[in-house]
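Structure file final02.tsv (TSV, C-alpha atoms) is printed below.
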```
chain	number	residue	atom	x	y	z
A	356	MET	CA	222.43	211.12	77.40
A	357	LEU	CA	225.63	210.51	75.41
A	358	ASN	CA	228.93	211.84	76.69
A	359	ASP	CA	232.55	210.79	77.39
A	360	THR	CA	231.45	208.19	79.95
A	361	LYS	CA	228.51	206.85	77.94
A	362	PRO	CA	229.17	207.03	74.20
A	363	TYR	CA	226.56	204.41	73.32
A	364	GLY	CA	222.78	204.26	73.71
A	365	ASN	CA	219.59	204.50	71.71
A	366	ILE	CA	218.57	208.03	70.79
A	367	MET	CA	214.78	208.46	70.83
A	368	ASP	CA	212.80	211.28	69.28
A	369	PHE	CA	210.36	212.91	71.72
A	370	ARG	CA	209.93	216.19	69.84
A	371	SER	CA	206.19	215.64	69.54
A	372	GLN	CA	206.07	215.79	73.36
A	373	GLN	CA	208.59	218.61	73.71
A	374	GLU	CA	206.84	220.56	76.47
A	375	GLN	CA	206.23	217.49	78.67
A	376	VAL	CA	209.80	216.34	78.16
A	377	ASN	CA	211.19	219.78	79.11
A	378	GLN	CA	209.12	219.83	82.30
A	379	ALA	CA	210.13	216.28	83.25
A	380	ILE	CA	213.84	216.96	82.70
A	381	ALA	CA	213.73	220.21	84.67
A	382	LEU	CA	211.94	218.45	87.56
A	383	PHE	CA	214.34	215.50	87.52
A	384	SER	CA	217.53	217.55	87.30
A	385	GLY	CA	216.56	220.39	89.63
A	386	GLU	CA	217.80	222.87	87.01
A	387	SER	CA	216.02	225.43	84.85
A	388	THR	CA	214.48	224.03	81.67
A	389	GLU	CA	217.10	225.68	79.45
A	390	LYS	CA	220.07	224.42	81.47
A	391	ALA	CA	218.57	220.98	81.99
A	392	PHE	CA	217.95	220.61	78.28
A	393	LYS	CA	221.65	221.23	77.54
A	394	ILE	CA	222.67	218.66	80.15
A	395	TRP	CA	220.33	215.81	79.24
A	396	MET	CA	219.21	216.13	75.62
A	397	VAL	CA	221.26	215.32	72.54
A	398	GLU	CA	221.15	217.50	69.48
A	399	PRO	CA	219.09	216.71	66.37
A	400	ALA	CA	220.83	214.35	63.95
A	401	SER	CA	221.13	217.10	61.33
A	402	VAL	CA	223.22	219.19	63.75
A	403	VAL	CA	225.50	216.25	64.59
A	404	ILE	CA	225.90	215.43	60.89
A	405	GLU	CA	227.10	218.99	60.29
A	406	LYS	CA	229.54	218.71	63.21
A	407	TYR	CA	230.74	215.38	61.82
A	408	LYS	CA	231.36	217.00	58.44
A	409	GLU	CA	233.32	219.82	60.10
A	410	ALA	CA	235.41	217.33	62.11
A	411	VAL	CA	236.30	215.38	58.95
A	412	GLU	CA	237.20	218.64	57.20
A	413	THR	CA	239.38	219.62	60.16
A	414	LEU	CA	241.14	216.26	59.88
A	415	GLY	CA	241.69	216.92	56.18
A	416	ASP	CA	243.09	220.40	56.88
A	417	PHE	CA	245.44	218.90	59.47
A	418	MET	CA	246.75	216.28	57.04
A	419	LYS	CA	247.13	218.93	54.33
A	420	ALA	CA	249.08	221.16	56.74
A	421	ASN	CA	251.50	218.24	57.11
A	422	ASN	CA	251.81	217.97	53.31
A	423	LEU	CA	249.88	214.70	53.26
A	424	ALA	CA	246.69	213.57	51.54
A	425	CYS	CA	243.79	212.85	53.89
A	426	GLU	CA	244.13	209.10	53.45
A	427	PRO	CA	244.52	206.43	56.16
A	428	GLU	CA	247.77	205.08	54.69
A	429	GLU	CA	249.36	208.53	55.02
A	430	VAL	CA	249.06	208.59	58.83
A	431	HIS	CA	252.27	206.59	59.26
A	432	ASN	CA	254.07	209.35	57.31
A	433	LEU	CA	253.33	211.93	60.00
A	434	ARG	CA	256.65	213.09	61.42
A	435	GLY	CA	257.26	213.55	65.12
A	436	ASP	CA	255.16	212.87	68.21
A	437	SER	CA	253.43	216.26	68.08
A	438	ALA	CA	251.91	215.55	64.67
A	439	LYS	CA	250.86	212.03	65.68
A	440	ILE	CA	249.32	213.33	68.92
A	441	ALA	CA	247.40	215.91	66.88
A	442	PHE	CA	246.11	213.13	64.61
A	443	VAL	CA	244.94	211.15	67.65
A	444	LYS	CA	243.00	214.14	68.93
A	445	ASN	CA	241.56	215.04	65.52
A	446	PHE	CA	240.40	211.58	64.59
A	447	LYS	CA	239.07	210.83	68.07
A	448	GLU	CA	236.61	213.71	67.55
A	449	VAL	CA	235.61	212.27	64.18
A	450	GLN	CA	234.96	208.88	65.76
A	451	ARG	CA	233.13	210.38	68.74
A	452	LEU	CA	230.64	212.09	66.43
A	453	LYS	CA	230.31	208.99	64.23
A	454	THR	CA	229.61	206.90	67.32
A	455	GLN	CA	226.94	209.38	68.33
A	456	LEU	CA	225.36	209.28	64.87
A	457	ASP	CA	225.29	205.47	64.99
A	458	GLN	CA	222.90	205.67	67.96
A	459	TYR	CA	220.13	207.60	66.17
A	460	THR	CA	217.17	205.35	65.42
A	461	ASP	CA	215.35	207.77	63.11
A	462	LEU	CA	217.91	208.63	60.42
A	463	ASP	CA	216.29	208.89	57.01
A	464	GLU	CA	217.88	207.61	53.80
A	465	ASN	CA	219.12	211.05	52.81
A	466	GLN	CA	220.90	211.51	56.17
A	467	LYS	CA	222.47	208.06	55.86
A	468	ARG	CA	223.77	208.98	52.40
A	469	GLN	CA	225.15	212.25	53.79
A	470	ILE	CA	227.06	210.43	56.50
A	471	GLU	CA	228.48	207.91	54.04
A	472	TYR	CA	229.46	210.68	51.63
A	473	ILE	CA	231.30	212.65	54.32
A	474	LEU	CA	233.60	209.69	55.06
A	475	PRO	CA	232.87	206.39	53.27
A	476	GLY	CA	232.73	203.34	55.50
A	477	ASP	CA	235.84	201.65	54.11
A	478	ARG	CA	237.96	204.79	54.61
A	479	LEU	CA	236.53	205.28	58.10
A	480	GLN	CA	237.48	201.70	58.96
A	481	SER	CA	241.01	202.22	57.64
A	482	PHE	CA	241.38	205.45	59.60
A	483	ARG	CA	240.24	203.57	62.71
A	484	SER	CA	243.03	201.05	62.09
A	485	SER	CA	245.58	203.86	61.75
A	486	TYR	CA	244.27	205.47	64.93
A	487	ILE	CA	244.47	202.27	66.96
A	488	GLU	CA	247.99	201.52	65.73
A	489	THR	CA	249.16	205.06	66.60
A	490	ALA	CA	247.36	205.01	69.95
A	491	LYS	CA	248.92	201.64	70.84
A	492	GLN	CA	252.39	203.12	70.30
A	493	PHE	CA	251.67	206.02	72.67
A	494	LYS	CA	249.93	203.74	75.17
A	495	ALA	CA	253.09	201.59	75.28
A	496	ILE	CA	255.12	204.71	76.11
A	497	GLN	CA	252.64	205.64	78.86
A	498	ASP	CA	252.85	202.13	80.34
A	499	ARG	CA	256.62	201.87	80.02
A	500	GLU	CA	257.67	205.34	81.16
A	501	GLY	CA	254.81	206.39	83.44
A	502	ASP	CA	255.50	209.78	85.00
A	503	ASN	CA	258.75	210.02	83.02
A	504	ALA	CA	256.89	210.06	79.70
A	505	PRO	CA	256.60	213.44	77.93
A	506	ALA	CA	253.75	215.49	79.39
A	507	ASP	CA	251.74	215.61	76.15
A	508	ILE	CA	251.87	211.80	75.90
A	509	GLN	CA	250.99	211.34	79.58
A	510	GLN	CA	247.87	213.47	79.09
A	511	LEU	CA	246.54	211.54	76.10
A	512	ASP	CA	243.17	209.85	76.68
A	513	PHE	CA	242.58	207.39	73.87
A	514	GLU	CA	238.93	206.64	74.70
A	515	PHE	CA	239.21	203.15	73.26
A	516	VAL	CA	235.54	202.62	74.14
A	517	LEU	CA	234.73	204.71	71.04
A	518	PHE	CA	236.57	202.13	68.94
A	519	ALA	CA	235.08	199.04	70.54
A	520	SER	CA	232.26	197.00	69.06
A	521	ALA	CA	229.68	194.75	70.65
A	522	VAL	CA	229.69	192.71	67.44
A	523	ILE	CA	233.36	192.26	66.56
A	524	ASP	CA	234.84	189.90	69.10
A	525	TYR	CA	237.01	186.76	69.06
A	526	ASP	CA	234.13	184.44	68.16
A	527	TYR	CA	232.93	186.77	65.41
A	528	ILE	CA	236.37	186.89	63.76
A	529	MET	CA	236.79	183.12	63.98
A	530	ASN	CA	233.36	182.57	62.44
A	531	LEU	CA	234.20	184.98	59.61
A	532	VAL	CA	237.39	183.05	58.88
A	533	ALA	CA	235.60	179.69	59.01
A	534	ASN	CA	232.81	180.89	56.72
A	535	ASN	CA	235.23	182.17	54.07
A	536	LEU	CA	237.89	179.44	54.07
A	537	GLN	CA	237.79	177.14	51.03
A	538	MET	CA	235.33	179.47	49.28
A	539	LYS	CA	235.93	180.63	45.74
A	540	PRO	CA	236.62	184.39	45.60
A	541	SER	CA	233.23	184.99	43.97
A	542	LYS	CA	231.52	183.25	46.91
A	543	GLN	CA	233.51	184.87	49.70
A	544	LYS	CA	231.62	187.42	51.78
A	545	MET	CA	234.98	188.77	52.98
A	546	THR	CA	238.53	188.21	51.82
A	547	LYS	CA	241.43	187.47	54.15
A	548	GLY	CA	242.63	191.07	53.78
A	549	GLU	CA	239.19	192.47	54.61
A	550	ILE	CA	238.94	190.36	57.76
A	551	ILE	CA	242.37	191.53	58.89
A	552	ARG	CA	241.43	195.18	58.24
A	553	LEU	CA	238.22	194.68	60.23
A	554	LEU	CA	240.23	193.16	63.07
A	555	SER	CA	242.66	196.08	63.10
A	556	SER	CA	239.85	198.66	63.19
A	557	THR	CA	238.39	197.62	66.55
A	558	ALA	CA	239.78	198.13	70.03
A	559	ASN	CA	238.10	194.95	71.32
A	560	LEU	CA	240.99	192.69	70.36
A	561	MET	CA	243.98	195.01	70.65
A	562	GLU	CA	246.00	192.56	72.73
A	563	GLU	CA	245.23	189.67	70.37
A	564	GLN	CA	245.46	191.61	67.11
A	565	GLU	CA	249.06	190.78	66.23
A	566	ASP	CA	248.71	187.05	66.97
A	567	LEU	CA	245.32	186.76	65.26
A	568	THR	CA	246.64	188.60	62.20
A	569	ASP	CA	249.69	186.32	61.98
A	570	TYR	CA	247.46	183.27	62.45
A	571	ILE	CA	245.04	184.30	59.71
A	572	HIS	CA	247.98	184.94	57.36
A	573	SER	CA	249.34	181.46	58.14
A	574	LEU	CA	246.13	179.65	57.20
A	575	ASP	CA	245.72	177.85	53.90
A	576	TRP	CA	242.83	179.84	52.47
A	577	HIS	CA	241.94	176.92	50.17
A	578	THR	CA	241.39	174.39	52.97
A	579	GLY	CA	238.21	174.47	55.03
A	580	GLN	CA	238.13	174.23	58.83
A	581	ASP	CA	235.26	174.50	61.29
A	582	VAL	CA	235.31	177.07	64.07
A	583	ASP	CA	236.34	174.66	66.85
A	584	LYS	CA	239.31	173.43	64.81
A	585	LEU	CA	240.31	177.01	64.02
A	586	LYS	CA	240.24	177.95	67.69
A	587	GLN	CA	242.31	174.93	68.68
A	588	GLY	CA	244.74	175.75	65.89
A	589	TYR	CA	245.03	179.32	67.14
A	590	GLN	CA	245.99	178.21	70.65
A	591	THR	CA	248.64	175.88	69.21
A	592	PHE	CA	249.85	178.68	66.92
A	593	LYS	CA	250.29	181.06	69.87
A	594	ILE	CA	252.28	178.49	71.87
A	595	GLU	CA	254.55	177.73	68.92
A	596	LYS	CA	255.02	181.43	68.15
A	597	TYR	CA	255.98	182.09	71.78
A	598	GLN	CA	258.45	179.22	71.73
A	599	LYS	CA	260.04	180.48	68.49
A	600	GLU	CA	260.39	184.00	69.88
A	601	LEU	CA	261.95	182.61	73.05
A	602	ALA	CA	264.37	180.47	71.04
A	603	LYS	CA	265.48	183.56	69.08
A	604	ILE	CA	266.12	185.45	72.30
A	605	ALA	CA	268.07	182.49	73.73
A	606	HIS	CA	270.22	182.29	70.60
A	607	ARG	CA	270.82	186.06	70.62
A	608	HIS	CA	272.14	185.92	74.19
A	609	GLN	CA	274.04	182.61	73.94
A	610	LEU	CA	271.65	180.80	76.30
A	611	GLN	CA	270.12	177.34	76.20
A	612	THR	CA	266.50	177.56	75.01
A	613	ALA	CA	265.37	175.03	77.63
A	614	ASP	CA	266.99	177.05	80.42
A	615	LEU	CA	265.36	180.28	79.25
A	616	MET	CA	262.02	178.49	78.89
A	617	ASN	CA	262.23	177.23	82.49
A	618	PHE	CA	263.21	180.72	83.66
A	619	THR	CA	260.21	182.41	82.01
A	620	GLU	CA	257.72	179.68	82.97
A	621	ASN	CA	258.79	180.06	86.59
A	622	ILE	CA	258.12	183.80	86.41
A	623	ILE	CA	254.70	183.42	84.77
A	624	GLY	CA	253.70	180.56	87.06
A	625	ARG	CA	254.39	182.57	90.23
A	626	LEU	CA	253.98	186.10	88.77
A	627	ILE	CA	257.19	186.94	90.64
A	628	PHE	CA	260.48	187.99	89.10
A	629	ASP	CA	263.46	186.55	91.03
A	630	GLY	CA	266.74	188.40	90.40
A	631	GLU	CA	268.77	185.53	91.83
A	632	LYS	CA	267.37	183.15	89.22
A	633	LEU	CA	268.43	185.63	86.52
A	634	THR	CA	271.97	185.48	87.96
A	635	ASP	CA	271.80	181.66	87.87
A	636	LEU	CA	270.59	181.74	84.26
A	637	LEU	CA	273.60	183.78	83.15
A	638	GLU	CA	276.16	181.91	85.24
A	639	PRO	CA	277.26	179.51	82.43
A	640	LEU	CA	278.40	182.55	80.39
A	641	GLU	CA	281.14	183.23	82.98
A	642	LEU	CA	280.79	187.01	82.73
A	643	SER	CA	282.49	189.64	84.82
A	644	TRP	CA	280.28	191.71	87.13
A	645	LYS	CA	280.18	194.57	84.63
A	646	GLU	CA	279.54	192.26	81.67
A	647	ARG	CA	276.77	190.46	83.54
A	648	SER	CA	275.10	193.76	84.42
A	649	ILE	CA	275.05	194.77	80.74
A	650	LYS	CA	273.84	191.31	79.66
A	651	GLU	CA	271.02	191.36	82.23
A	652	GLU	CA	269.78	194.68	80.91
A	653	GLU	CA	269.97	193.54	77.27
A	654	LEU	CA	268.24	190.23	77.99
A	655	MET	CA	265.44	191.81	80.02
A	656	THR	CA	264.83	194.41	77.30
A	657	ASP	CA	264.04	191.50	74.98
A	658	LEU	CA	262.15	189.45	77.56
A	659	ILE	CA	259.87	192.01	79.21
A	660	PRO	CA	257.42	192.42	76.27
A	661	LEU	CA	257.14	188.64	76.03
A	662	LEU	CA	256.63	188.23	79.78
A	663	LYS	CA	253.95	190.92	79.89
A	664	LYS	CA	252.16	189.30	76.98
A	665	GLN	CA	252.18	185.93	78.73
A	666	ALA	CA	251.00	187.54	81.98
A	667	ASP	CA	247.91	188.79	80.10
A	668	GLY	CA	247.45	191.98	82.11
A	669	ARG	CA	248.45	190.51	85.48
A	670	GLU	CA	251.24	192.27	87.35
A	671	ILE	CA	254.58	190.50	87.74
A	672	SER	CA	256.06	191.45	91.09
A	673	GLY	CA	259.64	192.70	90.93
A	674	LEU	CA	259.69	193.25	87.16
A	675	LYS	CA	259.58	197.06	87.38
A	676	ALA	CA	263.21	197.14	88.49
A	677	TYR	CA	264.19	196.20	84.94
A	678	GLU	CA	261.78	198.48	83.07
```
How would this structure read if it were set down as structure tokens?
Amino acid sequence: MLNDTKPYGNIMDFRSQQEQVNQAIALFSGESTEKAFKIWMVEPASVVIEKYKEAVETLGDFMKANNLACEPEEVHNLRGDSAKIAFVKNFKEVQRLKTQLDQYTDLDENQKRQIEYILPGDRLQSFRSSYIETAKQFKAIQDREGDNAPADIQQLDFEFVLFASAVIDYDYIMNLVANNLQMKPSKQKMTKGEIIRLLSSTANLMEEQEDLTDYIHSLDWHTGQDVDKLKQGYQTFKIEKYQKELAKIAHRHQLQTADLMNFTENIIGRLIFDGEKLTDLLEPLELSWKERSIKEEELMTDLIPLLKKQADGREISGLKAYE
């Protein structure tokens, strides 16, 4: 059974035992054979391939209606939330059917060619990247605004499980980088750009995507490193990137970097936001009550994304007052 709660699984062909299967399903489900079959059995691959083709055509019609070519790079040219929400819904259906097709164990070569022809793998991967980027923007609005977000954004279900992969994880990406560093272009299995596109097309590493992408860009592609050294370098890179971002925020708000660093480390260490410590942090600026209120809001607007990133999904008590 493949559905919204279980998009993955091996699809087996029991058509040679159709009657026995029908009887077993009806007995197990307590429903009539016809109804039970609809509940428990997936459709033949040929039917799903046709649905997949129709979904891709629907996506193309949608892009055309917005005066855009049906190309991944055109998604960012969609204007307005309504159009972007429509893209999310359209492409999610494409991916749902592709995920279902990926589970069939008995596809013949002709069917595989059909699937590739409908939407070639490289374009599918790029569309996945565009989907995840668009979905992340709406997810941030959902998280930030909650019940105050527009109703159509609140109701979006991104089904990131459809865009996850059991293969593409942190170790896999690091091994790909290690295996291709210091290799001549003719020997590389994947280029830097291809690895980054692969990274952006999976939901597994959404929280790490930006940092990993920046890290991969920063590497000298002509100097070899083993996986352990790459991983150590990545942790150092993240710390240094965080410190640079914090220093920029401190400079922007006329604060001492060391003071702001101590302020944020205290918050992350305790997972508690202390308003009095924020007052103490701004005290050297000698602001009026009204000026301090404005400065607090401006500073926290810059700090909150950084604090949430450092908290790594853990809740920081008291932070909601500034969101």
With a cut-off of 12 Å, could you pull out the residues of region 494-573 of chain A touching region 663-672 of chain A and give me the nearest pair of atoms for each, distance in Å to one decimal, using only C-alpha atoms, ordered by chain and ascending number, as JSON lines?
```
{"residue": "A:Ala495", "atom": "CA", "partner": "A:Lys663", "partner_atom": "CA", "distance": 11.7}
{"residue": "A:Asp498", "atom": "CA", "partner": "A:Lys663", "partner_atom": "CA", "distance": 11.3}
{"residue": "A:Arg499", "atom": "CA", "partner": "A:Lys663", "partner_atom": "CA", "distance": 11.3}
{"residue": "A:Met561", "atom": "CA", "partner": "A:Lys664", "partner_atom": "CA", "distance": 11.8}
{"residue": "A:Glu562", "atom": "CA", "partner": "A:Lys664", "partner_atom": "CA", "distance": 8.2}
{"residue": "A:Glu563", "atom": "CA", "partner": "A:Lys664", "partner_atom": "CA", "distance": 9.6}
{"residue": "A:Glu565", "atom": "CA", "partner": "A:Lys664", "partner_atom": "CA", "distance": 11.3}
{"residue": "A:Asp566", "atom": "CA", "partner": "A:Lys664", "partner_atom": "CA", "distance": 10.8}
```
Problem set entry | 12 Å contact set for Leu511 (chain A), all atoms listed in the file, chain neighbours under 2 positions out, as a count of residues only | 27
Seminar exercise, completed: One decimal place gives the CA of Leu554 (chain A)-CA of Leu658 (chain A) separation as 26.5 Å
For this session: Determine the nearest neighbour of Lys599 (chain A) from the options A:Met655, A:Leu531, A:Leu661, A:Leu585, counting all atoms listed in the file.
Result: A:Leu661
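One distance worth recording is that between CA of Glu412 (chain A) and CA of Glu471 (chain A), which is 14.2 Å.
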Would you write out, as a Markdown table, a table of all residues in region 447-536 of chain A that have an atom no more than 12 Å from an atom of region 399-409 of chain A, listing for each the closest atom pair and the distance in Å to one decimal, considering only C-alpha atoms and ordering rows by chain and rising residue number?
```
| residue | atom | partner | partner_atom | distance |
| --- | --- | --- | --- | --- |
| A:Lys447 | CA | A:Tyr407 | CA | 11.4 |
| A:Glu448 | CA | A:Tyr407 | CA | 8.4 |
| A:Val449 | CA | A:Tyr407 | CA | 6.2 |
| A:Gln450 | CA | A:Tyr407 | CA | 8.7 |
| A:Arg451 | CA | A:Tyr407 | CA | 8.9 |
| A:Leu452 | CA | A:Tyr407 | CA | 5.7 |
| A:Lys453 | CA | A:Tyr407 | CA | 6.8 |
| A:Thr454 | CA | A:Tyr407 | CA | 10.2 |
| A:Gln455 | CA | A:Val403 | CA | 8.0 |
| A:Leu456 | CA | A:Ala400 | CA | 6.9 |
| A:Asp457 | CA | A:Ala400 | CA | 10.0 |
| A:Gln458 | CA | A:Ala400 | CA | 9.8 |
| A:Tyr459 | CA | A:Ala400 | CA | 7.1 |
| A:Thr460 | CA | A:Ala400 | CA | 9.8 |
| A:Asp461 | CA | A:Ala400 | CA | 8.6 |
| A:Leu462 | CA | A:Ala400 | CA | 7.3 |
| A:Asp463 | CA | A:Ala400 | CA | 9.9 |
| A:Asn465 | CA | A:Ser401 | CA | 10.6 |
| A:Gln466 | CA | A:Ser401 | CA | 7.6 |
| A:Lys467 | CA | A:Ile404 | CA | 9.6 |
| A:Arg468 | CA | A:Ile404 | CA | 10.9 |
| A:Gln469 | CA | A:Ile404 | CA | 7.8 |
| A:Ile470 | CA | A:Ile404 | CA | 6.8 |
| A:Glu471 | CA | A:Ile404 | CA | 10.5 |
| A:Tyr472 | CA | A:Lys408 | CA | 9.5 |
| A:Ile473 | CA | A:Lys408 | CA | 6.0 |
| A:Leu474 | CA | A:Lys408 | CA | 8.4 |
| A:Pro475 | CA | A:Lys408 | CA | 11.9 |
```
Problem set entry | Polymer residues at most 9 Å from region 417-431 of chain A, all atoms listed in the file, same-chain spacing of 4 or more positions, as a VMD selection string | chain A and resid 412 to 413 438 to 439 441 to 442 445 478 to 486 489
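Nearest to Gln580 (chain A) of all the residues A:Gln598, A:Gln510, A:Thr619, A:Asn534 is A:Asn534, based on all atoms listed in the file.
Within 10 Å of Gly579 (chain A), once all atoms listed in the file are used and residues closer than 6 positions along the same chain are dropped, the contacting residues are Val532, Ala533, Asn534, Asn535, Leu536, Gln537, Met538 and Leu585 of chain A.
Among the candidate residues A:Glu500, A:Leu553, A:Glu464, A:Ala558, the one lying nearest to Tyr677 (chain A) is A:Glu500, with distances computed using all atoms listed in the file.
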Exercise. Do you know which residues are at most 12 Å from Leu640 (chain A) counting all atoms listed in the file, after dropping those on the same chain fewer than 6 positions away, and could you put them as a ChimeraX atom specification?
Worked result: /A:608-611,634,646-647,650-651
N, CA, C and O atoms for region 639-655 of chain A, written as a PDB file, keeping the file's coordinate frame, could you do that?
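Generated output (selection.pdb):
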```pdb
ATOM      1  N   PRO A 639     276.416 180.276  83.374  1.00  0.00           N
ATOM      2  CA  PRO A 639     277.260 179.510  82.430  1.00  0.00           C
ATOM      3  C   PRO A 639     278.059 180.391  81.467  1.00  0.00           C
ATOM      4  O   PRO A 639     279.036 179.910  80.871  1.00  0.00           O
ATOM      5  N   LEU A 640     277.693 181.662  81.313  1.00  0.00           N
ATOM      6  CA  LEU A 640     278.400 182.550  80.390  1.00  0.00           C
ATOM      7  C   LEU A 640     279.717 183.052  80.978  1.00  0.00           C
ATOM      8  O   LEU A 640     280.548 183.619  80.253  1.00  0.00           O
ATOM      9  N   GLU A 641     279.897 182.858  82.281  1.00  0.00           N
ATOM     10  CA  GLU A 641     281.140 183.230  82.980  1.00  0.00           C
ATOM     11  C   GLU A 641     281.510 184.699  82.689  1.00  0.00           C
ATOM     12  O   GLU A 641     282.610 185.004  82.218  1.00  0.00           O
ATOM     13  N   LEU A 642     280.601 185.578  82.983  1.00  0.00           N
ATOM     14  CA  LEU A 642     280.790 187.010  82.730  1.00  0.00           C
ATOM     15  C   LEU A 642     281.355 187.709  83.946  1.00  0.00           C
ATOM     16  O   LEU A 642     281.127 187.287  85.091  1.00  0.00           O
ATOM     17  N   SER A 643     282.059 188.793  83.711  1.00  0.00           N
ATOM     18  CA  SER A 643     282.490 189.640  84.820  1.00  0.00           C
ATOM     19  C   SER A 643     281.264 190.368  85.372  1.00  0.00           C
ATOM     20  O   SER A 643     280.193 190.372  84.754  1.00  0.00           O
ATOM     21  N   TRP A 644     281.428 191.006  86.522  1.00  0.00           N
ATOM     22  CA  TRP A 644     280.280 191.710  87.130  1.00  0.00           C
ATOM     23  C   TRP A 644     279.722 192.748  86.179  1.00  0.00           C
ATOM     24  O   TRP A 644     278.497 192.858  85.999  1.00  0.00           O
ATOM     25  N   LYS A 645     280.619 193.524  85.550  1.00  0.00           N
ATOM     26  CA  LYS A 645     280.180 194.570  84.630  1.00  0.00           C
ATOM     27  C   LYS A 645     279.516 193.971  83.392  1.00  0.00           C
ATOM     28  O   LYS A 645     278.461 194.456  82.934  1.00  0.00           O
ATOM     29  N   GLU A 646     280.111 192.908  82.857  1.00  0.00           N
ATOM     30  CA  GLU A 646     279.540 192.260  81.670  1.00  0.00           C
ATOM     31  C   GLU A 646     278.165 191.669  81.976  1.00  0.00           C
ATOM     32  O   GLU A 646     277.242 191.758  81.162  1.00  0.00           O
ATOM     33  N   ARG A 647     278.045 191.068  83.166  1.00  0.00           N
ATOM     34  CA  ARG A 647     276.770 190.460  83.540  1.00  0.00           C
ATOM     35  C   ARG A 647     275.681 191.521  83.693  1.00  0.00           C
ATOM     36  O   ARG A 647     274.521 191.325  83.308  1.00  0.00           O
ATOM     37  N   SER A 648     276.056 192.663  84.246  1.00  0.00           N
ATOM     38  CA  SER A 648     275.100 193.760  84.420  1.00  0.00           C
ATOM     39  C   SER A 648     274.551 194.226  83.066  1.00  0.00           C
ATOM     40  O   SER A 648     273.345 194.453  82.910  1.00  0.00           O
ATOM     41  N   ILE A 649     275.459 194.354  82.094  1.00  0.00           N
ATOM     42  CA  ILE A 649     275.050 194.770  80.740  1.00  0.00           C
ATOM     43  C   ILE A 649     274.174 193.697  80.099  1.00  0.00           C
ATOM     44  O   ILE A 649     273.143 193.989  79.481  1.00  0.00           O
ATOM     45  N   LYS A 650     274.582 192.423  80.255  1.00  0.00           N
ATOM     46  CA  LYS A 650     273.840 191.310  79.660  1.00  0.00           C
ATOM     47  C   LYS A 650     272.438 191.195  80.270  1.00  0.00           C
ATOM     48  O   LYS A 650     271.459 190.932  79.555  1.00  0.00           O
ATOM     49  N   GLU A 651     272.334 191.406  81.577  1.00  0.00           N
ATOM     50  CA  GLU A 651     271.020 191.360  82.230  1.00  0.00           C
ATOM     51  C   GLU A 651     270.083 192.396  81.635  1.00  0.00           C
ATOM     52  O   GLU A 651     268.915 192.106  81.342  1.00  0.00           O
ATOM     53  N   GLU A 652     270.599 193.593  81.458  1.00  0.00           N
ATOM     54  CA  GLU A 652     269.780 194.680  80.910  1.00  0.00           C
ATOM     55  C   GLU A 652     269.352 194.368  79.478  1.00  0.00           C
ATOM     56  O   GLU A 652     268.185 194.572  79.105  1.00  0.00           O
ATOM     57  N   GLU A 653     270.280 193.864  78.664  1.00  0.00           N
ATOM     58  CA  GLU A 653     269.970 193.540  77.270  1.00  0.00           C
ATOM     59  C   GLU A 653     268.941 192.403  77.181  1.00  0.00           C
ATOM     60  O   GLU A 653     267.998 192.461  76.388  1.00  0.00           O
ATOM     61  N   LEU A 654     269.149 191.381  77.999  1.00  0.00           N
ATOM     62  CA  LEU A 654     268.240 190.230  77.990  1.00  0.00           C
ATOM     63  C   LEU A 654     266.831 190.639  78.427  1.00  0.00           C
ATOM     64  O   LEU A 654     265.839 190.269  77.794  1.00  0.00           O
ATOM     65  N   MET A 655     266.748 191.415  79.503  1.00  0.00           N
ATOM     66  CA  MET A 655     265.440 191.810  80.020  1.00  0.00           C
ATOM     67  C   MET A 655     264.717 192.756  79.059  1.00  0.00           C
ATOM     68  O   MET A 655     263.482 192.753  78.985  1.00  0.00           O
TER      69      MET A 655
END
```
